[in-house]
$ cat query.pdb   # PDB, C-alpha atoms
ATOM      1  CA  MET A   1     -69.158  75.249 132.833
ATOM      2  CA  SER A   2     -65.408  75.096 133.044
ATOM      3  CA  THR A   3     -63.363  75.211 129.887
ATOM      4  CA  ARG A   4     -60.234  73.785 131.423
ATOM      5  CA  GLN A   5     -58.402  71.538 128.987
ATOM      6  CA  THR A   6     -57.334  68.150 130.240
ATOM      7  CA  SER A   7     -54.656  66.748 127.931
ATOM      8  CA  PRO A   8     -53.725  63.078 127.725
ATOM      9  CA  ASP A   9     -50.565  62.237 129.634
ATOM     10  CA  PRO A  10     -47.304  61.617 127.690
ATOM     11  CA  VAL A  11     -47.561  57.842 128.126
ATOM     12  CA  SER A  12     -51.032  57.798 126.561
ATOM     13  CA  MET A  13     -49.787  60.035 123.763
ATOM     14  CA  THR A  14     -46.910  57.644 123.016
ATOM     15  CA  ILE A  15     -49.271  54.654 122.976
ATOM     16  CA  THR A  16     -51.591  56.533 120.620
ATOM     17  CA  CYS A  17     -48.724  57.354 118.295
ATOM     18  CA  LEU A  18     -47.496  53.777 118.147
ATOM     19  CA  CYS A  19     -50.879  52.015 118.001
ATOM     20  CA  LEU A  20     -52.975  54.463 115.969
ATOM     21  CA  ARG A  21     -51.125  57.397 114.429
ATOM     22  CA  LEU A  22     -48.321  55.394 112.816
ATOM     23  CA  PRO A  23     -50.769  52.866 111.289
ATOM     24  CA  GLN A  24     -52.911  55.782 110.106
ATOM     25  CA  LEU A  25     -49.915  57.412 108.441
ATOM     26  CA  PHE A  26     -48.857  54.102 106.919
ATOM     27  CA  SER A  27     -52.350  53.237 105.601
ATOM     28  CA  THR A  28     -53.041  56.627 104.014
ATOM     29  CA  CYS A  29     -49.521  56.789 102.572
ATOM     30  CA  VAL A  30     -49.823  53.338 100.994
ATOM     31  CA  ALA A  31     -53.287  54.111  99.577
ATOM     32  CA  PHE A  32     -52.019  57.386  98.126
ATOM     33  CA  SER A  33     -48.873  55.783  96.680
ATOM     34  CA  LEU A  34     -50.713  52.868  95.062
ATOM     35  CA  VAL A  35     -53.107  55.162  93.217
ATOM     36  CA  ALA A  36     -50.387  57.647  92.293
ATOM     37  CA  ASP A  37     -48.373  54.816  90.754
ATOM     38  CA  MET A  38     -51.233  54.160  88.325
ATOM     39  CA  GLY A  39     -50.438  57.358  86.413
ATOM     40  CA  PHE A  40     -53.093  58.563  83.972
ATOM     41  CA  GLY A  41     -55.017  55.328  84.493
ATOM     42  CA  ARG A  42     -56.257  56.398  87.928
ATOM     43  CA  GLY A  43     -59.067  58.572  86.504
ATOM     44  CA  ALA A  44     -60.790  61.636  87.954
ATOM     45  CA  ILE A  45     -62.198  59.751  90.957
ATOM     46  CA  GLY A  46     -58.721  58.360  91.589
ATOM     47  CA  ASN A  47     -57.300  61.893  91.680
ATOM     48  CA  TRP A  48     -60.020  62.942  94.120
ATOM     49  CA  SER A  49     -59.435  59.964  96.413
ATOM     50  CA  MET A  50     -55.674  60.389  96.208
ATOM     51  CA  SER A  51     -55.912  64.050  97.224
ATOM     52  CA  PHE A  52     -58.077  63.170 100.248
ATOM     53  CA  TRP A  53     -55.695  60.429 101.399
ATOM     54  CA  CYS A  54     -52.815  62.871 101.014
ATOM     55  CA  ILE A  55     -54.642  65.486 103.123
ATOM     56  CA  CYS A  56     -55.361  62.915 105.843
ATOM     57  CA  PHE A  57     -51.715  61.866 105.881
ATOM     58  CA  ALA A  58     -50.468  65.463 106.114
ATOM     59  CA  MET A  59     -52.924  66.506 108.826
ATOM     60  CA  THR A  60     -52.308  63.367 110.881
ATOM     61  CA  PHE A  61     -48.577  63.995 110.688
ATOM     62  CA  ILE A  62     -48.968  67.646 111.769
ATOM     63  CA  ILE A  63     -51.265  66.794 114.689
ATOM     64  CA  THR A  64     -48.911  64.029 115.826
ATOM     65  CA  VAL A  65     -45.926  66.395 115.817
ATOM     66  CA  VAL A  66     -47.868  69.085 117.680
ATOM     67  CA  GLU A  67     -49.014  66.697 120.410
ATOM     68  CA  LEU A  68     -45.680  64.910 120.817
ATOM     69  CA  CYS A  69     -43.890  68.272 121.121
ATOM     70  CA  ARG A  70     -46.596  69.554 123.510
ATOM     71  CA  LEU A  71     -47.300  72.590 121.329
ATOM     72  CA  ASP A  72     -51.093  72.405 121.599
ATOM     73  CA  SER A  73     -51.243  75.118 124.289
ATOM     74  CA  GLY A  74     -50.079  77.670 121.726
ATOM     75  CA  PHE A  75     -53.124  77.237 119.488
ATOM     76  CA  PRO A  76     -56.027  79.706 119.679
ATOM     77  CA  PHE A  77     -58.646  76.935 119.574
ATOM     78  CA  PHE A  78     -59.033  74.459 122.369
ATOM     79  CA  TRP A  79     -57.061  71.475 121.163
ATOM     80  CA  HIS A  80     -59.467  68.766 122.278
ATOM     81  CA  ASN A  81     -62.132  70.171 119.951
ATOM     82  CA  VAL A  82     -59.700  70.545 117.041
ATOM     83  CA  SER A  83     -58.277  67.039 117.299
ATOM     84  CA  VAL A  84     -61.653  65.330 117.605
ATOM     85  CA  THR A  85     -63.132  67.369 114.741
ATOM     86  CA  TYR A  86     -60.282  66.457 112.422
ATOM     87  CA  THR A  87     -60.445  62.790 113.401
ATOM     88  CA  CYS A  88     -64.199  62.694 112.698
ATOM     89  CA  TYR A  89     -63.606  64.220 109.272
ATOM     90  CA  ALA A  90     -60.729  61.844 108.550
ATOM     91  CA  ALA A  91     -62.871  58.818 109.391
ATOM     92  CA  LEU A  92     -65.671  60.056 107.127
ATOM     93  CA  ILE A  93     -63.262  60.997 104.337
ATOM     94  CA  CYS A  94     -61.460  57.654 104.278
ATOM     95  CA  LEU A  95     -64.725  55.734 104.499
ATOM     96  CA  SER A  96     -66.339  57.734 101.683
ATOM     97  CA  ALA A  97     -63.204  57.468  99.555
ATOM     98  CA  SER A  98     -63.229  53.697 100.020
ATOM     99  CA  ILE A  99     -66.896  53.403  99.023
ATOM    100  CA  ILE A 100     -66.913  55.899  96.155
ATOM    101  CA  TYR A 101     -63.595  54.751  94.691
ATOM    102  CA  SER A 102     -64.641  51.100  94.702
ATOM    103  CA  ILE A 103     -68.163  51.683  93.360
ATOM    104  CA  THR A 104     -67.407  54.319  90.735
ATOM    105  CA  TYR A 105     -64.001  53.176  89.518
ATOM    106  CA  VAL A 106     -62.588  49.862  90.733
ATOM    107  CA  GLN A 107     -65.503  47.764  89.514
ATOM    108  CA  PHE A 108     -65.030  49.082  85.968
ATOM    109  CA  LEU A 109     -61.366  48.100  85.769
ATOM    110  CA  PRO A 110     -60.391  44.917  83.923
ATOM    111  CA  ASP A 111     -58.360  42.244  85.686
ATOM    112  CA  GLY A 112     -54.724  43.218  85.859
ATOM    113  CA  PRO A 113     -52.137  45.171  87.861
ATOM    114  CA  TYR A 114     -54.193  48.393  87.836
ATOM    115  CA  ARG A 115     -57.186  46.641  89.366
ATOM    116  CA  ASP A 116     -54.989  44.946  91.978
ATOM    117  CA  ARG A 117     -53.475  48.299  92.991
ATOM    118  CA  ALA A 118     -56.916  49.912  93.178
ATOM    119  CA  ILE A 119     -58.282  47.106  95.364
ATOM    120  CA  ALA A 120     -55.265  47.300  97.666
ATOM    121  CA  ALA A 121     -55.651  51.098  97.959
ATOM    122  CA  THR A 122     -59.318  50.660  98.872
ATOM    123  CA  ALA A 123     -58.412  48.097 101.534
ATOM    124  CA  PHE A 124     -55.822  50.394 103.139
ATOM    125  CA  SER A 125     -58.345  53.250 103.053
ATOM    126  CA  CYS A 126     -60.846  51.076 104.935
ATOM    127  CA  ILE A 127     -58.168  50.241 107.510
ATOM    128  CA  ALA A 128     -57.415  53.950 107.950
ATOM    129  CA  SER A 129     -61.101  54.782 108.493
ATOM    130  CA  VAL A 130     -61.371  52.097 111.213
ATOM    131  CA  LEU A 131     -58.254  53.465 112.917
ATOM    132  CA  TYR A 132     -59.677  56.996 112.883
ATOM    133  CA  VAL A 133     -62.959  55.768 114.409
ATOM    134  CA  ILE A 134     -60.992  54.059 117.175
ATOM    135  CA  GLU A 135     -59.109  57.295 117.802
ATOM    136  CA  VAL A 136     -62.353  59.274 118.101
ATOM    137  CA  ALA A 137     -63.570  56.851 120.757
ATOM    138  CA  GLY A 138     -60.208  57.052 122.493
ATOM    139  CA  LEU A 139     -60.174  60.855 122.533
ATOM    140  CA  TRP A 140     -63.624  60.958 124.096
ATOM    141  CA  ALA A 141     -62.403  58.536 126.764
ATOM    142  CA  TRP A 142     -59.196  60.505 127.487
ATOM    143  CA  TYR A 143     -60.857  63.838 128.179
ATOM    144  CA  ASP A 144     -63.085  64.405 131.181
ATOM    145  CA  LEU A 145     -66.359  65.444 129.506
ATOM    146  CA  LYS A 146     -67.797  66.550 132.830
ATOM    147  CA  GLU A 147     -65.139  69.235 133.270
ATOM    148  CA  ILE A 148     -64.590  70.518 129.722
ATOM    149  CA  PHE A 149     -66.941  71.382 126.877
ATOM    150  CA  PHE A 150     -66.713  68.975 123.959
ATOM    151  CA  TYR A 151     -68.219  70.801 120.977
ATOM    152  CA  GLU A 152     -68.118  67.689 118.780
ATOM    153  CA  HIS A 153     -70.185  65.864 121.400
ATOM    154  CA  THR A 154     -73.251  68.024 120.602
ATOM    155  CA  THR A 155     -76.045  67.557 118.074
ATOM    156  CA  ARG A 156     -75.440  70.889 116.362
ATOM    157  CA  ALA A 157     -71.764  70.095 115.827
ATOM    158  CA  LEU A 158     -72.463  66.683 114.317
ATOM    159  CA  LEU A 159     -75.014  68.246 111.962
ATOM    160  CA  LYS A 160     -72.454  70.824 110.816
ATOM    161  CA  VAL A 161     -69.874  68.108 110.271
ATOM    162  CA  LEU A 162     -72.355  66.183 108.118
ATOM    163  CA  GLU A 163     -73.346  69.308 106.160
ATOM    164  CA  THR A 164     -69.778  70.239 105.296
ATOM    165  CA  PHE A 165     -68.778  66.645 104.611
ATOM    166  CA  VAL A 166     -71.628  65.948 102.172
ATOM    167  CA  ALA A 167     -70.908  69.259 100.455
ATOM    168  CA  GLY A 168     -67.278  68.189 100.081
ATOM    169  CA  VAL A 169     -68.348  64.972  98.353
ATOM    170  CA  ILE A 170     -70.597  67.016  96.051
ATOM    171  CA  PHE A 171     -67.624  69.210  95.147
ATOM    172  CA  ALA A 172     -65.672  66.077  94.254
ATOM    173  CA  PHE A 173     -68.251  65.185  91.598
ATOM    174  CA  LEU A 174     -68.452  68.799  90.462
ATOM    175  CA  SER A 175     -64.744  68.749  89.663
ATOM    176  CA  ASN A 176     -66.045  67.709  86.231
ATOM    177  CA  THR A 177     -67.020  71.234  85.168
ATOM    178  CA  SER A 178     -68.860  69.960  82.083
ATOM    179  CA  LEU A 179     -71.711  68.958  84.421
ATOM    180  CA  TYR A 180     -72.843  72.538  84.999
ATOM    181  CA  LEU A 181     -70.977  75.178  82.951
ATOM    182  CA  HIS A 182     -73.445  75.027  80.049
ATOM    183  CA  GLN A 183     -76.425  76.298  82.102
ATOM    184  CA  PRO A 184     -76.686  79.393  84.372
ATOM    185  CA  ALA A 185     -79.264  77.546  86.511
ATOM    186  CA  LEU A 186     -76.770  74.779  87.203
ATOM    187  CA  GLU A 187     -74.086  77.356  88.002
ATOM    188  CA  TRP A 188     -76.523  78.728  90.587
ATOM    189  CA  CYS A 189     -76.657  75.238  92.123
ATOM    190  CA  VAL A 190     -72.869  75.233  92.453
ATOM    191  CA  ALA A 191     -73.042  78.686  94.034
ATOM    192  CA  VAL A 192     -75.587  77.368  96.543
ATOM    193  CA  TYR A 193     -73.321  74.479  97.502
ATOM    194  CA  SER A 194     -70.407  76.881  97.980
ATOM    195  CA  ILE A 195     -72.331  79.502  99.988
ATOM    196  CA  CYS A 196     -73.924  76.958 102.321
ATOM    197  CA  PHE A 197     -70.601  75.177 102.780
ATOM    198  CA  ILE A 198     -68.878  78.435 103.782
ATOM    199  CA  LEU A 199     -71.648  79.354 106.225
ATOM    200  CA  ALA A 200     -71.595  75.909 107.844
ATOM    201  CA  ALA A 201     -67.793  76.002 108.072
ATOM    202  CA  VAL A 202     -67.898  79.437 109.743
ATOM    203  CA  VAL A 203     -70.426  78.231 112.320
ATOM    204  CA  LEU A 204     -68.342  75.116 112.949
ATOM    205  CA  LEU A 205     -65.195  77.193 113.484
ATOM    206  CA  LEU A 206     -67.036  79.488 115.892
ATOM    207  CA  GLY A 207     -68.029  76.419 117.871
ATOM    208  CA  LEU A 208     -64.498  75.058 117.850
ATOM    209  CA  ALA A 209     -63.285  78.384 119.213
ATOM    210  CA  GLU A 210     -65.913  77.928 121.945
ATOM    211  CA  TRP A 211     -67.832  81.035 120.993
ATOM    212  CA  GLU A 212     -70.932  79.223 122.193
ATOM    213  CA  TYR A 213     -70.392  81.076 125.455
ATOM    214  CA  MET A 214     -71.517  84.286 123.774
ATOM    215  CA  PRO A 215     -75.050  85.474 124.713
ATOM    216  CA  PRO A 216     -77.386  82.631 123.670
ATOM    217  CA  GLY A 217     -80.064  84.876 122.152
ATOM    218  CA  PRO A 218     -78.122  86.440 119.247
ATOM    219  CA  PHE A 219     -76.227  83.223 118.540
ATOM    220  CA  SER A 220     -79.442  81.178 118.358
ATOM    221  CA  ILE A 221     -81.056  83.724 116.050
ATOM    222  CA  PHE A 222     -77.974  83.734 113.826
ATOM    223  CA  GLN A 223     -77.996  79.933 113.626
ATOM    224  CA  LEU A 224     -81.732  79.875 112.921
ATOM    225  CA  VAL A 225     -81.436  82.408 110.087
ATOM    226  CA  VAL A 226     -78.442  80.594 108.551
ATOM    227  CA  SER A 227     -80.277  77.255 108.693
ATOM    228  CA  LEU A 228     -83.451  78.740 107.180
ATOM    229  CA  TYR A 229     -81.613  80.326 104.245
ATOM    230  CA  SER A 230     -79.591  77.151 103.710
ATOM    231  CA  VAL A 231     -82.773  75.064 103.493
ATOM    232  CA  LEU A 232     -84.326  77.483 100.992
ATOM    233  CA  PHE A 233     -81.126  77.559  98.926
ATOM    234  CA  TYR A 234     -80.864  73.774  98.868
ATOM    235  CA  ILE A 235     -84.513  73.387  97.841
ATOM    236  CA  SER A 236     -83.891  75.665  94.863
ATOM    237  CA  ALA A 237     -80.687  73.787  93.996
ATOM    238  CA  LEU A 238     -82.390  70.385  94.155
ATOM    239  CA  VAL A 239     -85.320  71.497  91.975
ATOM    240  CA  LEU A 240     -83.104  73.186  89.376
ATOM    241  CA  TRP A 241     -80.604  70.324  89.264
ATOM    242  CA  LEU A 242     -83.350  67.757  88.681
ATOM    243  CA  LEU A 243     -85.052  69.861  86.022
ATOM    244  CA  TYR A 244     -81.980  70.777  84.011
ATOM    245  CA  GLN A 245     -80.279  67.393  84.280
ATOM    246  CA  PHE A 246     -83.179  64.938  83.972
ATOM    247  CA  SER A 247     -85.997  66.773  82.153
ATOM    248  CA  GLU A 248     -85.995  66.761  78.349
ATOM    249  CA  GLU A 249     -87.886  70.067  78.309
ATOM    250  CA  PHE A 250     -84.835  71.732  79.858
ATOM    251  CA  GLY A 251     -82.238  69.818  77.847
ATOM    252  CA  GLY A 252     -81.689  67.029  80.373
ATOM    253  CA  LEU A 253     -81.497  63.276  79.892
ATOM    254  CA  PRO A 254     -84.171  61.355  81.836
ATOM    255  CA  GLN A 255     -82.743  57.909  81.029
ATOM    256  CA  ARG A 256     -79.199  56.612  81.426
ATOM    257  CA  TYR A 257     -79.046  55.006  77.983
ATOM    258  CA  MET A 258     -79.595  58.427  76.386
ATOM    259  CA  ASP A 259     -76.139  59.532  77.563
ATOM    260  CA  MET A 260     -73.591  58.451  74.977
ATOM    261  CA  SER A 261     -70.779  58.446  77.552
ATOM    262  CA  CYS A 262     -72.581  55.679  79.456
ATOM    263  CA  SER A 263     -72.524  53.362  76.434
ATOM    264  CA  ASP A 264     -68.722  53.369  76.188
ATOM    265  CA  GLU A 265     -67.699  49.919  77.421
ATOM    266  CA  LEU A 266     -64.050  50.949  77.444
ATOM    267  CA  SER A 267     -64.670  53.677  80.025
ATOM    268  CA  TYR A 268     -63.205  52.932  83.453
ATOM    269  CA  ASP A 269     -64.964  55.805  85.179
ATOM    270  CA  MET A 270     -68.449  57.081  85.985
ATOM    271  CA  CYS A 271     -70.290  58.489  82.996
ATOM    272  CA  ALA A 272     -71.833  61.966  83.118
ATOM    273  CA  TRP A 273     -75.367  60.714  83.808
ATOM    274  CA  ASP A 274     -74.190  58.744  86.844
ATOM    275  CA  GLN A 275     -72.445  61.842  88.166
ATOM    276  CA  HIS A 276     -75.624  63.895  87.646
ATOM    277  CA  LEU A 277     -77.556  61.322  89.667
ATOM    278  CA  ALA A 278     -74.924  61.215  92.416
ATOM    279  CA  VAL A 279     -75.054  65.000  92.859
ATOM    280  CA  ALA A 280     -78.869  64.912  92.957
ATOM    281  CA  VAL A 281     -78.902  62.209  95.653
ATOM    282  CA  LEU A 282     -76.254  63.996  97.738
ATOM    283  CA  THR A 283     -78.168  67.275  97.413
ATOM    284  CA  ALA A 284     -81.314  65.590  98.734
ATOM    285  CA  ILE A 285     -79.357  64.052 101.621
ATOM    286  CA  ASN A 286     -77.809  67.368 102.590
ATOM    287  CA  LEU A 287     -81.209  69.063 102.355
ATOM    288  CA  LEU A 288     -82.533  66.598 104.932
ATOM    289  CA  VAL A 289     -79.570  67.365 107.194
ATOM    290  CA  TYR A 290     -80.220  71.109 106.879
ATOM    291  CA  VAL A 291     -83.910  70.553 107.653
ATOM    292  CA  ALA A 292     -82.906  68.681 110.815
ATOM    293  CA  ASP A 293     -80.546  71.544 111.670
ATOM    294  CA  LEU A 294     -83.354  74.062 111.138
ATOM    295  CA  GLY A 295     -85.677  72.048 113.368
ATOM    296  CA  TYR A 296     -83.042  71.886 116.091
ATOM    297  CA  TRP A 297     -82.471  75.637 116.139
ATOM    298  CA  ALA A 298     -86.197  76.403 115.862
ATOM    299  CA  LEU A 299     -86.708  74.301 118.993
ATOM    300  CA  GLN A 300     -83.815  76.038 120.756
ATOM    301  CA  PHE A 301     -85.204  79.445 119.838
ATOM    302  CA  SER A 302     -88.680  78.546 121.074
ATOM    303  CA  VAL A 303     -87.240  77.347 124.391
ATOM    304  CA  LEU A 304     -85.228  80.568 124.664
ATOM    305  CA  THR A 305     -88.273  82.777 124.068
ATOM    306  CA  GLU A 306     -90.297  80.869 126.671
ATOM    307  CA  HIS A 307     -87.659  81.613 129.296
TER     308      HIS A 307
END
$ encode --input "query.pdb" --output "structure tokens"
Amino acid sequence: MSTRQTSPDPVSMTITCLCLRLPQLFSTCVAFSLVADMGFGRGAIGNWSMSFWCICFAMTFIITVVELCRLDSGFPFFWHNVSVTYTCYAALICLSASIIYSITYVQFLPDGPYRDRAIAATAFSCIASVLYVIEVAGLWAWYDLKEIFFYEHTTRALLKVLETFVAGVIFAFLSNTSLYLHQPALEWCVAVYSICFILAAVVLLLGLAEWEYMPPGPFSIFQLVVSLYSVLFYISALVLWLLYQFSEEFGGLPQRYMDMSCSDELSYDMCAWDQHLAVAVLTAINLLVYVADLGYWALQFSVLTEH
């Protein structure tokens, strides 16, 4: 399979910049600015969302400059894989920021200028996510998929993107260190999230660098072992998190009303119990993704051994 890169022509690049990249930059910049203008009233979730919008703005700006200046040939990774991977992440990030920010923060705000700014920021974030989805579709249309390898167009790549993305959302909730620092078992859960995230990111980077052309046997075994350990780690993290956060025998709170922070009507943010539940649900979701990843590589390994 040829790895020749087919870049969009300059006219297409200019159209992309005017129709997609500039609106993306404008939407993320406005969302970031509206939340930043709220000062201390933006809350922890606001800081998390603001940082993600800022990252999307910065990366979109860098990629736009690189492509307009035709500097993509100087990068070690094949640019079509890099650009599509980033755009997929940006679409997921803006969409998740829109959902999480509105559900966990905006709805708790009283009517007033802060609520209006938060709603406007959420709207611009939704617009940015739609623009990034359109760009993903456009990038797949621009490149000839019959002549070049599109890593992000494979099942294993999409699974890795989901694994790292869900882990990133978990880390956003874990920015509140009071959720886990009081128990070594919960610190182990955080270590599991970090280790599995690093392993998935390494595998994703190897794919972006098109290392999939290495001998299939060792690479399949490596992927299978990584997926197996990740599943086992996530099972332990899910069990420990549920026990130590929701079981009274281990000092947890099984009911929401038992958490005093949830009874504060003046709070404009998620209480600790809600954050515990969010991490538990995201852990279960990522476990399912890792199980699917393990099944995929087990099937690939069985096919390889048969041949």
$ closest_residue --input "query.pdb" --among "A:Gln24, A:Asn286, A:Ser49, A:Thr85" --to "Leu158 in chain A" --atoms "all atoms listed in the file"
A:Thr85
$ residues_around --input "query.pdb" --residues "range 100-115 of chain A" --least-positions-apart "2" --cutoff "7 Å" --atoms "all atoms listed in the file" --output "list in words"
Met38, Ile45, Gly46, Ser49, Ser96, Ala97, Ser98, Arg117, Ala118, Ile119, Thr122, Tyr268, Asp269 and Met270 of chain A
$ resolve_selection --input "query.pdb" --expression "the PyMOL selection byres ((chain A and resi 25) around 10)" --output "number ranges by chain"
A: 17, 20-24, 26-30, 53-54, 56-61, 64, 128
$ atom_distance --input "query.pdb" --atom1 "CA of Leu232 in chain A" --atom2 "CA of Ile93 in chain A"
27.0 Å
$ closest_residue --input "query.pdb" --among "A:Val65, A:Val289, A:Leu243, A:Val202" --to "Gln223 in chain A" --atoms "only C-alpha atoms"
A:Val202
$ axis_aligned_box --input "query.pdb" --around "range 56-64 of chain A" --padding-each-side "6 Å" --output "lines of an AutoDock Vina configuration file"
center_x = -52.0
center_y = 64.8
center_z = 110.8
size_x = 18.8
size_y = 17.8
size_z = 22.0
$ residues_around --input "query.pdb" --residues "Trp188 in chain A" --least-positions-apart "2" --cutoff "10 Å" --atoms "only C-alpha atoms" --output "JSON, numbers by chain"
{"A": [180, 183, 184, 185, 186, 190, 191, 192, 193, 194, 233, 236, 237, 240, 241]}
$ closest_residue --input "query.pdb" --among "A:Ala167, A:Thr177, A:Ala157, A:Leu95" --to "Phe52 in chain A" --atoms "all atoms listed in the file"
A:Leu95
$ closest_residue --input "query.pdb" --among "A:Leu179, A:Val279, A:Leu287, A:Ala272" --to "Leu162 in chain A" --atoms "all atoms listed in the file"
A:Leu287
$ resolve_selection --input "query.pdb" --expression "the PyMOL selection byres ((chain A and resi 92) around 10)" --output "mmCIF file with C-alpha atoms, keeping the file's coordinate frame"
data_model
loop_
_atom_site.group_PDB
_atom_site.id
_atom_site.type_symbol
_atom_site.label_atom_id
_atom_site.label_comp_id
_atom_site.auth_asym_id
_atom_site.auth_seq_id
_atom_site.Cartn_x
_atom_site.Cartn_y
_atom_site.Cartn_z
ATOM 1 C CA TYR A 86 -60.282 66.457 112.422
ATOM 2 C CA THR A 87 -60.445 62.790 113.401
ATOM 3 C CA CYS A 88 -64.199 62.694 112.698
ATOM 4 C CA TYR A 89 -63.606 64.220 109.272
ATOM 5 C CA ALA A 90 -60.729 61.844 108.550
ATOM 6 C CA ALA A 91 -62.871 58.818 109.391
ATOM 7 C CA ILE A 93 -63.262 60.997 104.337
ATOM 8 C CA CYS A 94 -61.460 57.654 104.278
ATOM 9 C CA LEU A 95 -64.725 55.734 104.499
ATOM 10 C CA SER A 96 -66.339 57.734 101.683
ATOM 11 C CA ALA A 97 -63.204 57.468 99.555
ATOM 12 C CA SER A 98 -63.229 53.697 100.020
ATOM 13 C CA SER A 129 -61.101 54.782 108.493
ATOM 14 C CA VAL A 130 -61.371 52.097 111.213
ATOM 15 C CA TYR A 132 -59.677 56.996 112.883
ATOM 16 C CA VAL A 133 -62.959 55.768 114.409
ATOM 17 C CA VAL A 161 -69.874 68.108 110.271
ATOM 18 C CA LEU A 162 -72.355 66.183 108.118
ATOM 19 C CA PHE A 165 -68.778 66.645 104.611
ATOM 20 C CA VAL A 166 -71.628 65.948 102.172
#
$ closest_residue --input "query.pdb" --among "A:Ala200, A:Phe32, A:Val66, A:Phe173" --to "Val281 in chain A" --atoms "all atoms listed in the file"
A:Phe173
